[in-house]
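Novice: Before I ask anything, let me first share the structure, which is written out below as structure tokens.
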Amino acid sequence: MVTIQSAENALKSVYLGVISEQLNLKSNALLSRIKQSSKDVFGKEIIKLAPYGLNGGICATTETGNLPSASSHKFLQFKTGLKNLYGKIEISDKAIRASMSNVGAFVNLLSDEMESLIKSSSFNLGRMLYGDGTGLVATVSDVSAGTKFDSVKNLVEGMKVDIYSDGALEEEGVVVEFVDRKNNTVVFSKEFTFAVGDKLYASGSKDNEITGIKRIFDTSTSNSTIYGVDRSSYKWLYPYEFAGTTSTPISDSVIQNALNSIEEETGNQIDFIAVSGDVRTLYQEYLSKYKRNIDVAVLEGGYKTMTYAGIPVVYERFVDSGTMYLLNTKDFNLHQLCDWEWLQTENGNILIPSSNNPTYSATLVKYAELICDRPGGQGKISKIVASN
């Protein structure tokens, strides 16, 4: 007979390992290549030394000349807090009782909940990974003939969002009912009168998400500080960016020039290229136009992708349109207090009964933050269009 205790044991011993592997290795191609470690975590903070420059105690001199003076390697201290990542499942008491006498039915019940949790968590991890840490998912761009958003790629049916107007919270926990990806419109669970500039944030996540790729390339004056360091005082923290005045025709030479610039200026070796869907299509058309074969590689986690000069060129749905990121994944670390775990009571219980509803819930948690040791060694090409 199935009991709450046996269900908790299954969540701990069977499902937790599967969930961790799915989220760490198979939820996102970039995340699967990033090292995850508890190193440099002190309490609720991450404090790490980021090296830059070279050791200056090197010279070539005469046979009897003076030896070089010692000059230690240069380090900059990064300091930031751990972010709190949660995922929650909920099972009704009725569903549990109905399957208590049927182990197979109960396994199916738990498996369905786990699949749903993995799917939702994978979506949001990918969104955060390429986000700016604010939780912003869309901005109202037009209200002349219905409400249109600048982009809806960060939205999906069933997602909950908070609506902000002029920086103030107007509606909380509004459910996305339907996303019209062709026209950039959204149907919500309740009516709301939008104005141009209103913003949608992942519910409860405003300014609380991990520091994603987009934040590294946000070099505006208002966001000059990253990992507790003011970039205006350390110019090498600014990444490489290339964008034409109005457009950047896709070509191998554009990509290679960017790679050359990054390597010459920082010595960094790019090993991962992330592109939006339109850029992937444009590059495939470019290769076809010049009768070039598309080289394919299989990445860790089973991701199959094309390559440029041996570097995987990976489509990521959360990359802005017309954009290509050139990254060295060895520079990134997901610092964590622990890997994915279930929240437990002091008695070790995982499935917690609700005080208001006849349901049990279990919460998955991870305390972590993404840090790039060398932001200046990463690159971005934007405003990409078809080749001439």
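Numbering starts fresh at 1 for the residues of each chain in the structure tokens, the chains themselves are lettered A, B, ... in the order given, and ligands are numbered from 1 as they appear.
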Out of stretch 66-280 of chain A, which residues get alpha helix (DSSP H) from DSSP, as an MDAnalysis selection string?

Specialist: chainID A and resid 93:98 103:129 213:216 252:266 277:280

Novice: For stretch 73-78 of chain A, work out the shell of residues within 7 Å, counting only C-alpha atoms and skipping chain neighbours fewer than 3 positions away, then give it as a PyMOL selection string.

Specialist: chain A and resi 47-55+227-229

Novice: Just want the 12 Å neighbourhood of A:Thr221, counted on only C-alpha atoms, with same-chain residues fewer than 4 positions away dropped. Output as a list in words.

Specialist: Thr225, Ile226, Asp230, Arg231 and Ser232 of chain A

Novice: Those residues with N, CA and C atoms, as a CSV table (one decimal), in the first residue's frame please?

Specialist:
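Output (again05.csv):
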```
chain,number,residue,atom,x,y,z
A,225,THR,N,27.7,48.6,-12.4
A,225,THR,CA,28.2,47.7,-11.4
A,225,THR,C,27.8,46.2,-11.7
A,226,ILE,N,28.8,45.3,-11.6
A,226,ILE,CA,28.5,43.9,-11.7
A,226,ILE,C,29.3,43.1,-10.7
A,230,ASP,N,32.5,48.2,-9.8
A,230,ASP,CA,32.1,49.3,-10.8
A,230,ASP,C,33.0,49.1,-12.0
A,231,ARG,N,32.3,48.8,-13.1
A,231,ARG,CA,33.1,48.5,-14.4
A,231,ARG,C,33.8,49.8,-14.9
A,232,SER,N,33.3,50.9,-14.6
A,232,SER,CA,33.9,52.2,-15.0
A,232,SER,C,35.3,52.3,-14.5
```

Novice: Can you tell me, as a VMD selection string, what residues are no more than 10 Å from A:Gly158 when counting only C-alpha atoms, ignoring any on the same chain fewer than 2 positions away?

Specialist: chain A and resid 120 155 to 156 160 to 161 174 to 179 188 to 189

Novice: Pick out each residue of stretch 120-249 of chain A that DSSP on the backbone tags as strand (DSSP E or B); I need them as a ChimeraX atom specification.

Specialist: /A:136-142,144,146,148-149,160-165,168-180,185-188,199-202,225-226,229-230,240-249

Novice: Could you give me, as a PyMOL selection string, the residues within 9 Å of A:Ile250, counting only C-alpha atoms and dropping anything in the same chain fewer than 3 positions from it?

Specialist: chain A and resi 253-255+279+282-283+286+384-388

Novice: Include all heavy atoms and write out the residues we just selected as a compact mmCIF listing (two decimals), in the first residue's frame.

Specialist:
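Here's the written file out_24.txt:
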```txt
# COMPACT_ATOMS: atom_id res chain seq x y z
N SER A 253 33.13 36.08 -42.14
CA SER A 253 34.12 37.12 -41.83
C SER A 253 33.68 37.96 -40.63
O SER A 253 34.52 38.36 -39.81
CB SER A 253 34.34 38.02 -43.05
OG SER A 253 33.15 38.68 -43.44
N VAL A 254 32.38 38.22 -40.50
CA VAL A 254 31.89 38.96 -39.34
C VAL A 254 32.16 38.18 -38.06
O VAL A 254 32.64 38.73 -37.06
CB VAL A 254 30.38 39.25 -39.48
CG1 VAL A 254 29.80 39.75 -38.15
CG2 VAL A 254 30.13 40.28 -40.57
N ILE A 255 31.87 36.88 -38.10
CA ILE A 255 32.11 36.03 -36.93
C ILE A 255 33.60 35.95 -36.63
O ILE A 255 34.03 36.09 -35.48
CB ILE A 255 31.53 34.62 -37.16
CG1 ILE A 255 30.02 34.69 -37.40
CG2 ILE A 255 31.84 33.72 -35.96
CD1 ILE A 255 29.41 33.37 -37.80
N VAL A 279 18.71 34.20 -36.43
CA VAL A 279 20.13 34.20 -36.81
C VAL A 279 20.55 32.80 -37.25
O VAL A 279 21.33 32.65 -38.21
CB VAL A 279 21.01 34.69 -35.64
CG1 VAL A 279 22.49 34.50 -35.96
CG2 VAL A 279 20.73 36.16 -35.36
N LEU A 282 19.35 32.49 -40.78
CA LEU A 282 20.14 33.34 -41.67
C LEU A 282 21.50 32.73 -41.96
O LEU A 282 21.99 32.78 -43.09
CB LEU A 282 20.30 34.74 -41.07
CG LEU A 282 19.05 35.62 -41.00
CD1 LEU A 282 19.33 36.89 -40.22
CD2 LEU A 282 18.54 35.95 -42.40
N TYR A 283 22.11 32.14 -40.91
CA TYR A 283 23.43 31.55 -41.12
C TYR A 283 23.34 30.29 -41.97
O TYR A 283 24.20 30.04 -42.82
CB TYR A 283 24.09 31.23 -39.78
CG TYR A 283 25.53 30.79 -39.90
CD1 TYR A 283 26.46 31.59 -40.58
CD2 TYR A 283 25.97 29.59 -39.38
CE1 TYR A 283 27.79 31.20 -40.71
CE2 TYR A 283 27.29 29.18 -39.51
CZ TYR A 283 28.19 30.00 -40.17
OH TYR A 283 29.50 29.61 -40.32
N TYR A 286 23.02 31.45 -45.44
CA TYR A 286 24.31 31.94 -45.91
C TYR A 286 25.20 30.79 -46.37
O TYR A 286 25.82 30.84 -47.44
CB TYR A 286 24.98 32.73 -44.79
CG TYR A 286 26.45 33.01 -45.01
CD1 TYR A 286 26.87 34.05 -45.85
CD2 TYR A 286 27.42 32.23 -44.38
CE1 TYR A 286 28.23 34.29 -46.05
CE2 TYR A 286 28.76 32.48 -44.58
CZ TYR A 286 29.17 33.51 -45.42
OH TYR A 286 30.51 33.75 -45.62
N ILE A 384 21.86 41.52 -36.58
CA ILE A 384 22.22 40.63 -37.66
C ILE A 384 21.07 40.48 -38.67
O ILE A 384 19.93 40.26 -38.27
CB ILE A 384 22.64 39.25 -37.11
CG1 ILE A 384 23.89 39.41 -36.24
CG2 ILE A 384 22.90 38.26 -38.25
CD1 ILE A 384 24.30 38.12 -35.55
N VAL A 385 21.40 40.59 -39.94
CA VAL A 385 20.42 40.43 -41.02
C VAL A 385 21.02 39.50 -42.08
O VAL A 385 22.12 39.00 -41.94
CB VAL A 385 20.06 41.79 -41.67
CG1 VAL A 385 19.39 42.70 -40.65
CG2 VAL A 385 21.32 42.46 -42.24
N ALA A 386 20.24 39.25 -43.15
CA ALA A 386 20.71 38.38 -44.23
C ALA A 386 21.96 38.95 -44.90
O ALA A 386 22.18 40.17 -44.93
CB ALA A 386 19.61 38.20 -45.27
N SER A 387 22.80 38.05 -45.42
CA SER A 387 24.03 38.49 -46.09
C SER A 387 23.70 39.20 -47.40
O SER A 387 22.63 39.00 -47.99
CB SER A 387 24.92 37.28 -46.36
OG SER A 387 24.26 36.36 -47.21
N ASN A 388 24.62 40.00 -47.86
CA ASN A 388 24.44 40.75 -49.11
C ASN A 388 24.48 39.83 -50.31
O ASN A 388 25.14 38.81 -50.28
CB ASN A 388 25.51 41.82 -49.24
CG ASN A 388 25.42 42.88 -48.14
OD1 ASN A 388 24.30 43.23 -47.72
ND2 ASN A 388 26.54 43.37 -47.68
```

Novice: Using only C-alpha atoms, can you tell me which of A:Ile89, A:Ala243, A:Leu326, A:Val298 comes closest to A:Glu263?

Specialist: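 Once distances to A:Glu263 are computed over only C-alpha atoms, the minimum belongs to A:Leu326.
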
Novice: Check which residues of stretch 11-56 of chain A sit at most 12 Å from stretch 96-112 of chain A using only C-alpha atoms, and return one row each with the closest pair of atoms and their distance in Å to one decimal, ordered by chain and rising number, as JSON lines.

Specialist:
```
{"residue": "A:Leu11", "atom": "CA", "partner": "A:Leu110", "partner_atom": "CA", "distance": 8.5}
{"residue": "A:Val14", "atom": "CA", "partner": "A:Ser111", "partner_atom": "CA", "distance": 10.6}
{"residue": "A:Tyr15", "atom": "CA", "partner": "A:Ser111", "partner_atom": "CA", "distance": 8.4}
{"residue": "A:Leu16", "atom": "CA", "partner": "A:Ser111", "partner_atom": "CA", "distance": 11.7}
{"residue": "A:Val18", "atom": "CA", "partner": "A:Ser111", "partner_atom": "CA", "distance": 10.8}
{"residue": "A:Ile19", "atom": "CA", "partner": "A:Ser111", "partner_atom": "CA", "distance": 10.8}
```

Novice: Mind dumping the selected residues with all heavy atoms as a PDB file, in the first residue's frame?

Specialist:
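Generated file (selection.pdb):
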```
ATOM      1  N   LEU A  11      10.441  10.463  -3.544  1.00  0.00           N
ATOM      2  CA  LEU A  11      10.908  11.796  -3.947  1.00  0.00           C
ATOM      3  C   LEU A  11      12.381  11.990  -3.596  1.00  0.00           C
ATOM      4  O   LEU A  11      13.138  12.594  -4.357  1.00  0.00           O
ATOM      5  CB  LEU A  11      10.063  12.878  -3.267  1.00  0.00           C
ATOM      6  CG  LEU A  11       8.616  13.028  -3.750  1.00  0.00           C
ATOM      7  CD1 LEU A  11       7.884  14.075  -2.917  1.00  0.00           C
ATOM      8  CD2 LEU A  11       8.576  13.425  -5.223  1.00  0.00           C
ATOM      9  N   VAL A  14      14.560   8.422  -5.413  1.00  0.00           N
ATOM     10  CA  VAL A  14      14.389   8.094  -6.838  1.00  0.00           C
ATOM     11  C   VAL A  14      14.349   9.341  -7.706  1.00  0.00           C
ATOM     12  O   VAL A  14      15.141   9.500  -8.636  1.00  0.00           O
ATOM     13  CB  VAL A  14      13.107   7.257  -7.057  1.00  0.00           C
ATOM     14  CG1 VAL A  14      12.924   6.968  -8.550  1.00  0.00           C
ATOM     15  CG2 VAL A  14      13.164   5.970  -6.265  1.00  0.00           C
ATOM     16  N   TYR A  15      13.451  10.244  -7.381  1.00  0.00           N
ATOM     17  CA  TYR A  15      13.191  11.357  -8.285  1.00  0.00           C
ATOM     18  C   TYR A  15      14.194  12.500  -8.178  1.00  0.00           C
ATOM     19  O   TYR A  15      14.446  13.197  -9.164  1.00  0.00           O
ATOM     20  CB  TYR A  15      11.779  11.898  -8.064  1.00  0.00           C
ATOM     21  CG  TYR A  15      10.704  10.943  -8.532  1.00  0.00           C
ATOM     22  CD1 TYR A  15      10.012  10.139  -7.636  1.00  0.00           C
ATOM     23  CD2 TYR A  15      10.395  10.821  -9.888  1.00  0.00           C
ATOM     24  CE1 TYR A  15       9.036   9.254  -8.077  1.00  0.00           C
ATOM     25  CE2 TYR A  15       9.422   9.945 -10.332  1.00  0.00           C
ATOM     26  CZ  TYR A  15       8.749   9.169  -9.419  1.00  0.00           C
ATOM     27  OH  TYR A  15       7.794   8.290  -9.855  1.00  0.00           O
ATOM     28  N   LEU A  16      14.771  12.713  -6.991  1.00  0.00           N
ATOM     29  CA  LEU A  16      15.677  13.852  -6.825  1.00  0.00           C
ATOM     30  C   LEU A  16      16.892  13.743  -7.740  1.00  0.00           C
ATOM     31  O   LEU A  16      17.287  14.724  -8.384  1.00  0.00           O
ATOM     32  CB  LEU A  16      16.130  13.965  -5.371  1.00  0.00           C
ATOM     33  CG  LEU A  16      17.023  15.170  -5.055  1.00  0.00           C
ATOM     34  CD1 LEU A  16      16.329  16.472  -5.406  1.00  0.00           C
ATOM     35  CD2 LEU A  16      17.430  15.162  -3.586  1.00  0.00           C
ATOM     36  N   VAL A  18      17.147  12.110 -10.568  1.00  0.00           N
ATOM     37  CA  VAL A  18      16.705  12.283 -11.956  1.00  0.00           C
ATOM     38  C   VAL A  18      16.471  13.752 -12.264  1.00  0.00           C
ATOM     39  O   VAL A  18      16.893  14.276 -13.309  1.00  0.00           O
ATOM     40  CB  VAL A  18      15.413  11.477 -12.216  1.00  0.00           C
ATOM     41  CG1 VAL A  18      14.868  11.775 -13.606  1.00  0.00           C
ATOM     42  CG2 VAL A  18      15.680   9.986 -12.057  1.00  0.00           C
ATOM     43  N   ILE A  19      15.810  14.455 -11.347  1.00  0.00           N
ATOM     44  CA  ILE A  19      15.529  15.880 -11.545  1.00  0.00           C
ATOM     45  C   ILE A  19      16.822  16.675 -11.647  1.00  0.00           C
ATOM     46  O   ILE A  19      16.982  17.527 -12.519  1.00  0.00           O
ATOM     47  CB  ILE A  19      14.653  16.412 -10.390  1.00  0.00           C
ATOM     48  CG1 ILE A  19      13.253  15.809 -10.464  1.00  0.00           C
ATOM     49  CG2 ILE A  19      14.565  17.931 -10.444  1.00  0.00           C
ATOM     50  CD1 ILE A  19      12.382  16.156  -9.281  1.00  0.00           C
TER      51      ILE A  19
END
```
